[in-house]
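Notes follow once the structure below has been shown.
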Number of protein chains: 2
Amino acid sequence: MSTTAQSRPRAAHGELRAPRDLTASPFLAAARGRRPARLPVWFMRQAGRSLPEYRALREGVPMLKALFDPEMIAEITLQPVRRLGVDAAVFFSDIVVPLVAAGIDVDIVPGTGPVVAAPVRDADAIARMPELDPARLEPVIEGTRLVVDRLGETPLIGFAGAPFTLASYLIEGGPSRTHERTKALMHSEPALWHDLAARLAGIAVTFLRGQVEAGADAVQLFDSWAGALTLREYREFVQPHSARVLAAVADLDVPRIHFGVGTGELLPAMRDAGADVVGVDWRVPLDEAVRRLTANGEPTPVVQGNLDPALLQASWPVIEAEVRRIAAEGRAAAAHIFNLGHGVPPGADPEVLTRIVELVHSLEP
Amino acid sequence: MSTTAQSRPRAAHGELRAPRDLTASPFLAAARGRRPARLPVWFMRQAGRSLPEYRALREGVPMLKALFDPEMIAEITLQPVRRLGVDAAVFFSDIVVPLVAAGIDVDIVPGTGPVVAAPVRDADAIARMPELDPARLEPVIEGTRLVVDRLGETPLIGFAGAPFTLASYLIEGGPSRTHERTKALMHSEPALWHDLAARLAGIAVTFLRGQVEAGADAVQLFDSWAGALTLREYREFVQPHSARVLAAVADLDVPRIHFGVGTGELLPAMRDAGADVVGVDWRVPLDEAVRRLTANGEPTPVVQGNLDPALLQASWPVIEAEVRRIAAEGRAAAAHIFNLGHGVPPGADPEVLTRIVELVHSLEP
């Protein structure tokens with residue numbers, strides 16, 4: 001990865017697009033390890049149900065329809081940029097989008113999450129897993145192009161689900177708190193597990209490359225449920241596949257963020273998977289995260305995080321004190337991208353998010 | 001706490017009960033910091049849905065009815081002792097039992113968990129919180145007496161929910177993944193929070209003392225959801241109340257176990273709350289837990305744990321290797337009580353649990 005924040009011209013529809021000038025982007029500067037002019041901030045799941053304009057646009061539109069509608073993708077991605085003043089847009093999509101595009105029967109059920117019609121639990125089902133033809137992603141990638149055309153000088157973060165988290169949905173058949181079948185498969189049938197995870201890594205690579213080639217300026221690999229694993233499991237069964245995903249986009253020269261919830265035990269292993277920026281949830285203070293990430297003499301990392309989303313419901317003085325504490329702790333890092341420690345909850349007040357952005361921007365970067 | 005494993009005579013119904021001879025109990029020896037003749041093992045939630053005899057007995061009996069029926073309590077508590085050969089019984093109850101006994105309208109809904117009819121979220125509701133009259137617990141305590149009468153030389157572990165976990169149910173109105181309202185209350189209205197937590201500590205003390213005075217030989221304080229908190233939050237808002245509960249049973253001279261899920265960041269703080277035994281979930285290896293618990297020169301701790309319950313679905317060679325690894329890592333502790341890292345899942349195969357007990361008993365303690 002180079003250390004310039006200049007955006008690259010990219011081929012799309014065979015034509016060469018005019019480069020956007022992102023040299024002044026605080027988000028990209030921080031993601032590349034430099035202390036920018038102001039502390040950058042964005043929010044995981046900033047494009048979504050917490051915004052009234054999102055709820056209005058989605059009225060009567062099923063989630064999967066919205067996720068494959070280029071105009072809707074573009075508009076929803078832009079909504080929080082307009083309203084909140086964040087330093088990056090995050091692509092409106094879902095980690096199961098590339099699975100759906102590959103032809104796997106996944107529905108997104110309101111109040112539940114992704115539900116897989118035929119869970120993938122044995123050798124036959126894994127052998128039948130389709131590959132992802134990039135052409136099937138076309139409406140999504142067209143959405144990326146529309147976003148980039150309309151974003152101006154705000155960078156766009158593309159994303160994908162990491163192989164473990166995708167595998168858990170496929171194996172369990174939906175969201176799971178315990179990941180029982182997934183862990184049983186990885187331990188009891190490691191060859192099958194590695195086959196499935198490698199296929200999912202391939203799908204994640206196609207999804208990420210599509211977004212970056214269409215103009216995304218950074219990527220975040222979400223391993224949302226990795227915190228359910230031991231370090232030993234993560235290193236043996238998960239890290240190699242996530243590392244393959246991150247390595248497969250290295251030539252695209254965009255910063256790579258890697259994030260999971262409850263990963264206090266896994267932070268160095270997640271960095272070792274090839275992350276340029278390590279996302280940290282609220283359980284580990286950022287200065288402690290930096291200590292763990294440099295315990296063996298590694299270079300000082302770039303970190304992202306880590307306000308507890310639950311505290312968005314607290315009073316403003318509480319939030320302000322937490323934001324200031326986190327910004328101060330983040331100074332232990334090479335650079336810090338302010339964010340929540342997990343996604344924006346649906347019930348969050350957008351006014352509070354706006355105030356947080358203003359406060360973050362007022363602090364020493 | 002004395003270091004003998006001799007059971008104390010206890011007053012019950014005004015009469016003096018004959019003491020049970022528990023001097024040979026490997027569980028009590030380990031809980032008191034001595035390496036016993038064999039490695040002791042029990043399982044959190046061993047009395048429950050994983051056992052066919054439990055499902056048969058509960059057929060058509062609502063959970064709350066079972067929890068206040070002395071004969072049913074006794075029989076369900078004894079079932080896993082008979083079948084699995086574990087080194088301790090754990091009282092069949094639920095952390096909401098003392099809330100129900102206090103007159104709070106809580107139901108236990110199958111597939112959901114405790115649901116609170118009128119969530120406790122403001123000063124009025126907190127001021128109206130009833131105290132727990134020990135007499136209201138009588139059917140439960142009669143269950144304790146029946147268990148102790150029938151257990152012979154197997155020790156009984158009584159338990160209670162810690163103030164934070166109880167408060168989360170009351171404030172959120174049921175199980176929560178994010179504890180948003182609970183965290184908002186503790187930060188935004190600390191005086192109200194401390195009032196509520198102190199009341200819940202009082203209820204937990206009454207529940208624990210009732211069980212121990214009726215014959216329980218050890219106690220476990222469950223702060224199941226404490227892992228959602230930062231260390232700072234835990235120390236400021238939670239530890240003082242859990243410490244009060246543990247201190248209030250110190251005179252009863254029974255070992256006190258303290259456990260929560262995902263508490264890798266909190267282990268020393270949970271020990272500092274007054275735990276004689278620190279429960280560890282599967283995310284932190286026991287030798288690493290011991291390192292964290294002795295980082296500032298503290299005495300080598302007794303630990304309990306920590307097989308990932310999800311692995312009960314894995315093949316036997318996988319489970320065997322994990323059990324051996326955990327037993328080896330547990331040798332870093334002053335003593336080790338083998339357990340899962342969380343409760344037995346409803347779908348667990350009791351045959352697997354029995355094999356684990358046999359394997360643990362074959363290992364060097």
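In the structure tokens, chains take the letters A, B, ... in the order shown, each chain's residues start at 1, and ligands count up from 1 in the order shown.
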
Pull out every residue of chain B that has at least one atom within 10 Å of chain A, counting only C-alpha atoms, and report them as a PyMOL selection string.
chain B and resi 177-189+227-233+262-266+282-285+308-319+345

Among stretch 179-323 of chain B, which ones does DSSP place in strand (DSSP E or B), written as a list in words?
Ala218, Val219, Gln220, Leu221, Phe222, Arg256, Ile257, His258, Phe259, Val277, Val278, Gly279, Val302, Val303, Gln304, Gly305, Asn306 and Leu307 of chain B

Selection export as a CSV table (one decimal), in the first residue's frame, atoms kept: all heavy atoms:
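File written: part19.csv
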```csv
chain,number,residue,atom,x,y,z
B,218,ALA,N,-21.4,-24.3,49.0
B,218,ALA,CA,-20.6,-23.3,48.3
B,218,ALA,C,-21.6,-22.4,47.6
B,218,ALA,O,-22.8,-22.8,47.5
B,218,ALA,CB,-19.7,-24.0,47.3
B,219,VAL,N,-21.2,-21.3,47.1
B,219,VAL,CA,-22.1,-20.5,46.3
B,219,VAL,C,-21.4,-20.0,45.1
B,219,VAL,O,-20.2,-19.8,45.0
B,219,VAL,CB,-22.6,-19.2,47.1
B,219,VAL,CG1,-23.5,-19.6,48.3
B,219,VAL,CG2,-21.4,-18.4,47.6
B,220,GLN,N,-22.2,-19.8,44.0
B,220,GLN,CA,-21.7,-19.1,42.8
B,220,GLN,C,-22.5,-17.9,42.6
B,220,GLN,O,-23.8,-18.0,42.5
B,220,GLN,CB,-21.7,-20.1,41.6
B,220,GLN,CG,-21.2,-19.4,40.3
B,220,GLN,CD,-20.7,-20.4,39.3
B,220,GLN,OE1,-20.0,-21.4,39.6
B,220,GLN,NE2,-21.0,-20.1,38.0
B,221,LEU,N,-21.9,-16.8,42.4
B,221,LEU,CA,-22.5,-15.5,42.0
B,221,LEU,C,-22.4,-15.4,40.5
B,221,LEU,O,-21.2,-15.2,40.0
B,221,LEU,CB,-21.9,-14.4,42.8
B,221,LEU,CG,-22.6,-13.0,42.7
B,221,LEU,CD1,-24.1,-13.1,43.2
B,221,LEU,CD2,-21.8,-11.9,43.3
B,222,PHE,N,-23.5,-15.4,39.8
B,222,PHE,CA,-23.5,-15.3,38.3
B,222,PHE,C,-23.6,-13.9,37.9
B,222,PHE,O,-24.7,-13.3,38.2
B,222,PHE,CB,-24.6,-16.1,37.7
B,222,PHE,CG,-24.4,-17.6,37.6
B,222,PHE,CD1,-24.8,-18.4,38.7
B,222,PHE,CD2,-23.9,-18.1,36.4
B,222,PHE,CE1,-24.6,-19.8,38.5
B,222,PHE,CE2,-23.8,-19.5,36.3
B,222,PHE,CZ,-24.1,-20.3,37.4
B,256,ARG,N,-16.8,-19.1,47.7
B,256,ARG,CA,-17.6,-18.2,46.8
B,256,ARG,C,-17.0,-18.2,45.4
B,256,ARG,O,-15.8,-17.8,45.3
B,256,ARG,CB,-17.7,-16.8,47.4
B,256,ARG,CG,-18.3,-16.8,48.8
B,256,ARG,CD,-17.9,-15.6,49.6
B,256,ARG,NE,-16.5,-15.6,49.9
B,256,ARG,CZ,-15.9,-14.6,50.5
B,256,ARG,NH1,-16.5,-13.5,50.9
B,256,ARG,NH2,-14.6,-14.7,50.8
B,257,ILE,N,-17.7,-18.7,44.5
B,257,ILE,CA,-17.3,-18.7,43.0
B,257,ILE,C,-18.0,-17.5,42.4
B,257,ILE,O,-19.1,-17.2,42.7
B,257,ILE,CB,-17.7,-20.0,42.3
B,257,ILE,CG1,-17.4,-21.2,43.2
B,257,ILE,CG2,-17.2,-20.0,40.9
B,257,ILE,CD1,-18.0,-22.5,42.7
B,258,HIS,N,-17.2,-16.8,41.5
B,258,HIS,CA,-17.8,-15.7,40.8
B,258,HIS,C,-17.6,-15.9,39.3
B,258,HIS,O,-16.4,-16.1,38.9
B,258,HIS,CB,-17.2,-14.4,41.3
B,258,HIS,CG,-17.9,-13.1,40.9
B,258,HIS,ND1,-19.2,-13.1,40.5
B,258,HIS,CD2,-17.5,-11.8,41.0
B,258,HIS,CE1,-19.6,-11.9,40.2
B,258,HIS,NE2,-18.6,-11.1,40.5
B,259,PHE,N,-18.6,-15.8,38.5
B,259,PHE,CA,-18.5,-16.1,37.1
B,259,PHE,C,-19.3,-15.2,36.2
B,259,PHE,O,-20.4,-14.7,36.5
B,259,PHE,CB,-19.1,-17.5,36.9
B,259,PHE,CG,-19.2,-17.9,35.4
B,259,PHE,CD1,-18.1,-18.3,34.7
B,259,PHE,CD2,-20.5,-17.8,34.7
B,259,PHE,CE1,-18.2,-18.5,33.3
B,259,PHE,CE2,-20.6,-18.1,33.4
B,259,PHE,CZ,-19.5,-18.5,32.7
B,277,VAL,N,-13.0,-18.3,44.1
B,277,VAL,CA,-12.8,-19.1,42.9
B,277,VAL,C,-13.3,-18.2,41.7
B,277,VAL,O,-14.4,-17.6,41.8
B,277,VAL,CB,-13.6,-20.4,42.9
B,277,VAL,CG1,-13.4,-21.2,41.5
B,277,VAL,CG2,-13.3,-21.3,44.1
B,278,VAL,N,-12.4,-18.0,40.7
B,278,VAL,CA,-12.8,-17.2,39.6
B,278,VAL,C,-13.2,-18.1,38.4
B,278,VAL,O,-12.4,-18.9,37.9
B,278,VAL,CB,-11.6,-16.3,39.2
B,278,VAL,CG1,-12.0,-15.4,38.0
B,278,VAL,CG2,-11.2,-15.4,40.3
B,279,GLY,N,-14.4,-17.9,37.9
B,279,GLY,CA,-14.9,-18.7,36.8
B,279,GLY,C,-14.4,-18.0,35.5
B,279,GLY,O,-14.4,-16.7,35.4
B,302,VAL,N,-7.6,-19.8,42.6
B,302,VAL,CA,-8.3,-21.0,42.2
B,302,VAL,C,-9.2,-20.6,41.0
B,302,VAL,O,-9.9,-19.6,41.1
B,302,VAL,CB,-9.2,-21.6,43.3
B,302,VAL,CG1,-10.0,-22.8,42.9
B,302,VAL,CG2,-8.4,-21.8,44.6
B,303,VAL,N,-9.2,-21.4,39.9
B,303,VAL,CA,-10.0,-21.1,38.7
B,303,VAL,C,-11.0,-22.2,38.4
B,303,VAL,O,-10.8,-23.4,38.8
B,303,VAL,CB,-9.1,-20.8,37.5
B,303,VAL,CG1,-8.3,-19.5,37.7
B,303,VAL,CG2,-8.3,-22.0,37.1
B,304,GLN,N,-12.0,-21.8,37.7
B,304,GLN,CA,-13.0,-22.8,37.3
B,304,GLN,C,-13.3,-22.6,35.8
B,304,GLN,O,-13.5,-21.5,35.4
B,304,GLN,CB,-14.3,-22.6,38.1
B,304,GLN,CG,-15.5,-23.5,37.7
B,304,GLN,CD,-16.7,-23.3,38.5
B,304,GLN,OE1,-16.8,-23.8,39.6
B,304,GLN,NE2,-17.7,-22.6,38.1
B,305,GLY,N,-13.3,-23.7,35.1
B,305,GLY,CA,-13.6,-23.6,33.7
B,305,GLY,C,-12.9,-24.7,32.9
B,305,GLY,O,-12.4,-25.7,33.5
B,306,ASN,N,-12.8,-24.5,31.6
B,306,ASN,CA,-13.4,-23.6,30.7
B,306,ASN,C,-13.6,-24.1,29.3
B,306,ASN,O,-13.3,-23.5,28.3
B,306,ASN,CB,-12.6,-22.3,30.7
B,306,ASN,CG,-11.2,-22.4,30.1
B,306,ASN,OD1,-10.7,-23.5,29.8
B,306,ASN,ND2,-10.6,-21.2,29.8
B,307,LEU,N,-14.2,-25.3,29.3
B,307,LEU,CA,-14.5,-25.9,27.9
B,307,LEU,C,-15.6,-25.2,27.2
B,307,LEU,O,-16.7,-25.0,27.8
B,307,LEU,CB,-14.8,-27.4,28.2
B,307,LEU,CG,-15.2,-28.2,26.9
B,307,LEU,CD1,-14.0,-28.4,26.0
B,307,LEU,CD2,-15.7,-29.6,27.3
```

Please return as a PyMOL selection string: the residues of stretch 100-203 of chain A that backbone DSSP assigns to alpha helix (DSSP H).
chain A and resi 100-101+123-127+138-151+163-172+180-188+190-203

Selection to disk with N, CA and C atoms, as a short mmCIF file (atom, residue, chain, number, x, y, z; two decimals), in the first residue's frame:
```
data_model
loop_
_atom_site.label_atom_id
_atom_site.label_comp_id
_atom_site.auth_asym_id
_atom_site.auth_seq_id
_atom_site.Cartn_x
_atom_site.Cartn_y
_atom_site.Cartn_z
N VAL A 100 -26.00 -14.00 -1.84
CA VAL A 100 -27.23 -13.93 -2.63
C VAL A 100 -26.89 -13.85 -4.11
N ALA A 101 -25.91 -13.00 -4.44
CA ALA A 101 -25.52 -12.84 -5.84
C ALA A 101 -24.98 -14.15 -6.41
N ALA A 123 -20.32 -32.28 3.40
CA ALA A 123 -19.43 -32.26 2.25
C ALA A 123 -20.19 -31.98 0.96
N ASP A 124 -21.36 -32.61 0.80
CA ASP A 124 -22.13 -32.40 -0.42
C ASP A 124 -22.53 -30.94 -0.58
N ALA A 125 -23.06 -30.38 0.50
CA ALA A 125 -23.52 -28.98 0.42
C ALA A 125 -22.35 -28.05 0.15
N ILE A 126 -21.20 -28.34 0.75
CA ILE A 126 -20.04 -27.48 0.53
C ILE A 126 -19.56 -27.62 -0.91
N ALA A 127 -19.57 -28.85 -1.43
CA ALA A 127 -19.13 -29.07 -2.81
C ALA A 127 -20.06 -28.37 -3.80
N GLU A 138 -23.48 -7.02 -10.71
CA GLU A 138 -23.52 -5.77 -11.48
C GLU A 138 -24.42 -4.67 -10.87
N PRO A 139 -25.65 -4.98 -10.43
CA PRO A 139 -26.46 -3.88 -9.87
C PRO A 139 -25.81 -3.26 -8.63
N VAL A 140 -25.13 -4.08 -7.86
CA VAL A 140 -24.48 -3.60 -6.65
C VAL A 140 -23.30 -2.70 -7.04
N ILE A 141 -22.54 -3.16 -8.01
CA ILE A 141 -21.35 -2.41 -8.43
C ILE A 141 -21.78 -1.12 -9.15
N GLU A 142 -22.88 -1.18 -9.87
CA GLU A 142 -23.42 0.05 -10.46
C GLU A 142 -23.78 1.04 -9.33
N GLY A 143 -24.29 0.50 -8.22
CA GLY A 143 -24.54 1.34 -7.05
C GLY A 143 -23.26 1.99 -6.55
N THR A 144 -22.19 1.24 -6.51
CA THR A 144 -20.89 1.80 -6.08
C THR A 144 -20.50 2.96 -6.98
N ARG A 145 -20.66 2.75 -8.29
CA ARG A 145 -20.28 3.82 -9.24
C ARG A 145 -21.10 5.08 -9.01
N LEU A 146 -22.41 4.90 -8.80
CA LEU A 146 -23.26 6.06 -8.56
C LEU A 146 -22.83 6.78 -7.29
N VAL A 147 -22.53 6.03 -6.25
CA VAL A 147 -22.08 6.63 -4.99
C VAL A 147 -20.84 7.47 -5.23
N VAL A 148 -19.86 6.87 -5.89
CA VAL A 148 -18.58 7.56 -6.08
C VAL A 148 -18.78 8.82 -6.91
N ASP A 149 -19.63 8.72 -7.93
CA ASP A 149 -19.90 9.90 -8.77
C ASP A 149 -20.49 11.05 -7.95
N ARG A 150 -21.25 10.71 -6.91
CA ARG A 150 -21.98 11.74 -6.18
C ARG A 150 -21.30 12.17 -4.88
N LEU A 151 -20.27 11.45 -4.49
CA LEU A 151 -19.69 11.68 -3.17
C LEU A 151 -18.76 12.88 -3.11
N PRO A 163 -14.65 -14.69 6.06
CA PRO A 163 -15.09 -16.09 5.88
C PRO A 163 -15.73 -16.72 7.12
N PHE A 164 -15.20 -16.49 8.32
CA PHE A 164 -15.79 -17.15 9.49
C PHE A 164 -17.22 -16.67 9.71
N THR A 165 -17.42 -15.36 9.68
CA THR A 165 -18.76 -14.83 9.95
C THR A 165 -19.74 -15.28 8.87
N LEU A 166 -19.31 -15.25 7.61
CA LEU A 166 -20.18 -15.76 6.53
C LEU A 166 -20.48 -17.25 6.74
N ALA A 167 -19.44 -18.01 7.09
CA ALA A 167 -19.62 -19.45 7.28
C ALA A 167 -20.60 -19.73 8.40
N SER A 168 -20.54 -18.93 9.47
CA SER A 168 -21.45 -19.17 10.58
C SER A 168 -22.90 -19.02 10.13
N TYR A 169 -23.20 -17.99 9.35
CA TYR A 169 -24.57 -17.85 8.85
C TYR A 169 -24.96 -19.06 8.00
N LEU A 170 -24.06 -19.50 7.13
CA LEU A 170 -24.40 -20.61 6.24
C LEU A 170 -24.58 -21.92 7.00
N ILE A 171 -23.70 -22.16 7.96
CA ILE A 171 -23.73 -23.44 8.68
C ILE A 171 -24.88 -23.47 9.68
N GLU A 172 -25.04 -22.38 10.44
CA GLU A 172 -26.09 -22.36 11.46
C GLU A 172 -27.47 -22.14 10.83
N GLU A 180 -22.41 -23.17 17.50
CA GLU A 180 -22.13 -24.57 17.86
C GLU A 180 -21.77 -25.43 16.66
N ARG A 181 -22.61 -25.36 15.63
CA ARG A 181 -22.35 -26.22 14.47
C ARG A 181 -21.10 -25.80 13.73
N THR A 182 -20.86 -24.48 13.72
CA THR A 182 -19.69 -23.96 13.01
C THR A 182 -18.41 -24.43 13.69
N LYS A 183 -18.38 -24.30 15.02
CA LYS A 183 -17.19 -24.73 15.74
C LYS A 183 -17.02 -26.24 15.66
N ALA A 184 -18.14 -26.97 15.73
CA ALA A 184 -18.04 -28.43 15.62
C ALA A 184 -17.45 -28.82 14.28
N LEU A 185 -17.91 -28.16 13.21
CA LEU A 185 -17.39 -28.50 11.88
C LEU A 185 -15.90 -28.18 11.78
N MET A 186 -15.50 -27.01 12.25
CA MET A 186 -14.08 -26.64 12.08
C MET A 186 -13.17 -27.59 12.84
N HIS A 187 -13.60 -28.03 14.02
CA HIS A 187 -12.76 -28.92 14.81
C HIS A 187 -12.85 -30.37 14.34
N SER A 188 -14.06 -30.81 14.01
CA SER A 188 -14.27 -32.23 13.74
C SER A 188 -13.96 -32.59 12.30
N PRO A 190 -11.88 -30.61 9.82
CA PRO A 190 -11.11 -29.43 9.41
C PRO A 190 -10.96 -29.29 7.89
N ALA A 191 -10.88 -30.42 7.17
CA ALA A 191 -10.70 -30.29 5.71
C ALA A 191 -11.94 -29.67 5.09
N LEU A 192 -13.11 -30.11 5.55
CA LEU A 192 -14.36 -29.52 5.05
C LEU A 192 -14.44 -28.05 5.42
N TRP A 193 -14.10 -27.75 6.68
CA TRP A 193 -14.13 -26.35 7.11
C TRP A 193 -13.25 -25.48 6.22
N HIS A 194 -12.02 -25.94 5.99
CA HIS A 194 -11.10 -25.12 5.20
C HIS A 194 -11.60 -24.98 3.76
N ASP A 195 -12.25 -26.02 3.25
CA ASP A 195 -12.82 -25.93 1.90
C ASP A 195 -13.89 -24.84 1.86
N LEU A 196 -14.81 -24.89 2.83
CA LEU A 196 -15.88 -23.90 2.87
C LEU A 196 -15.33 -22.49 3.06
N ALA A 197 -14.41 -22.34 4.00
CA ALA A 197 -13.86 -21.01 4.29
C ALA A 197 -13.11 -20.46 3.08
N ALA A 198 -12.41 -21.34 2.36
CA ALA A 198 -11.68 -20.88 1.17
C ALA A 198 -12.65 -20.41 0.09
N ARG A 199 -13.77 -21.12 -0.06
CA ARG A 199 -14.77 -20.68 -1.04
C ARG A 199 -15.35 -19.33 -0.65
N LEU A 200 -15.59 -19.16 0.64
CA LEU A 200 -16.16 -17.88 1.09
C LEU A 200 -15.13 -16.75 0.98
N ALA A 201 -13.86 -17.10 1.16
CA ALA A 201 -12.81 -16.09 0.95
C ALA A 201 -12.84 -15.64 -0.50
N GLY A 202 -12.99 -16.58 -1.43
CA GLY A 202 -13.06 -16.23 -2.85
C GLY A 202 -14.22 -15.30 -3.14
N ILE A 203 -15.37 -15.58 -2.53
CA ILE A 203 -16.55 -14.74 -2.73
C ILE A 203 -16.32 -13.34 -2.15
#
```

Give me the residues near B:Gly343 as a PyMOL selection string, where near means some atom within 9 Å (using only C-alpha atoms) and where sequence neighbours in that chain fewer than 5 positions away do not count.
chain B and resi 43-46+309

Here atom CA of A:Glu351 and atom CA of A:Leu363 stand apart by 18.8 Å
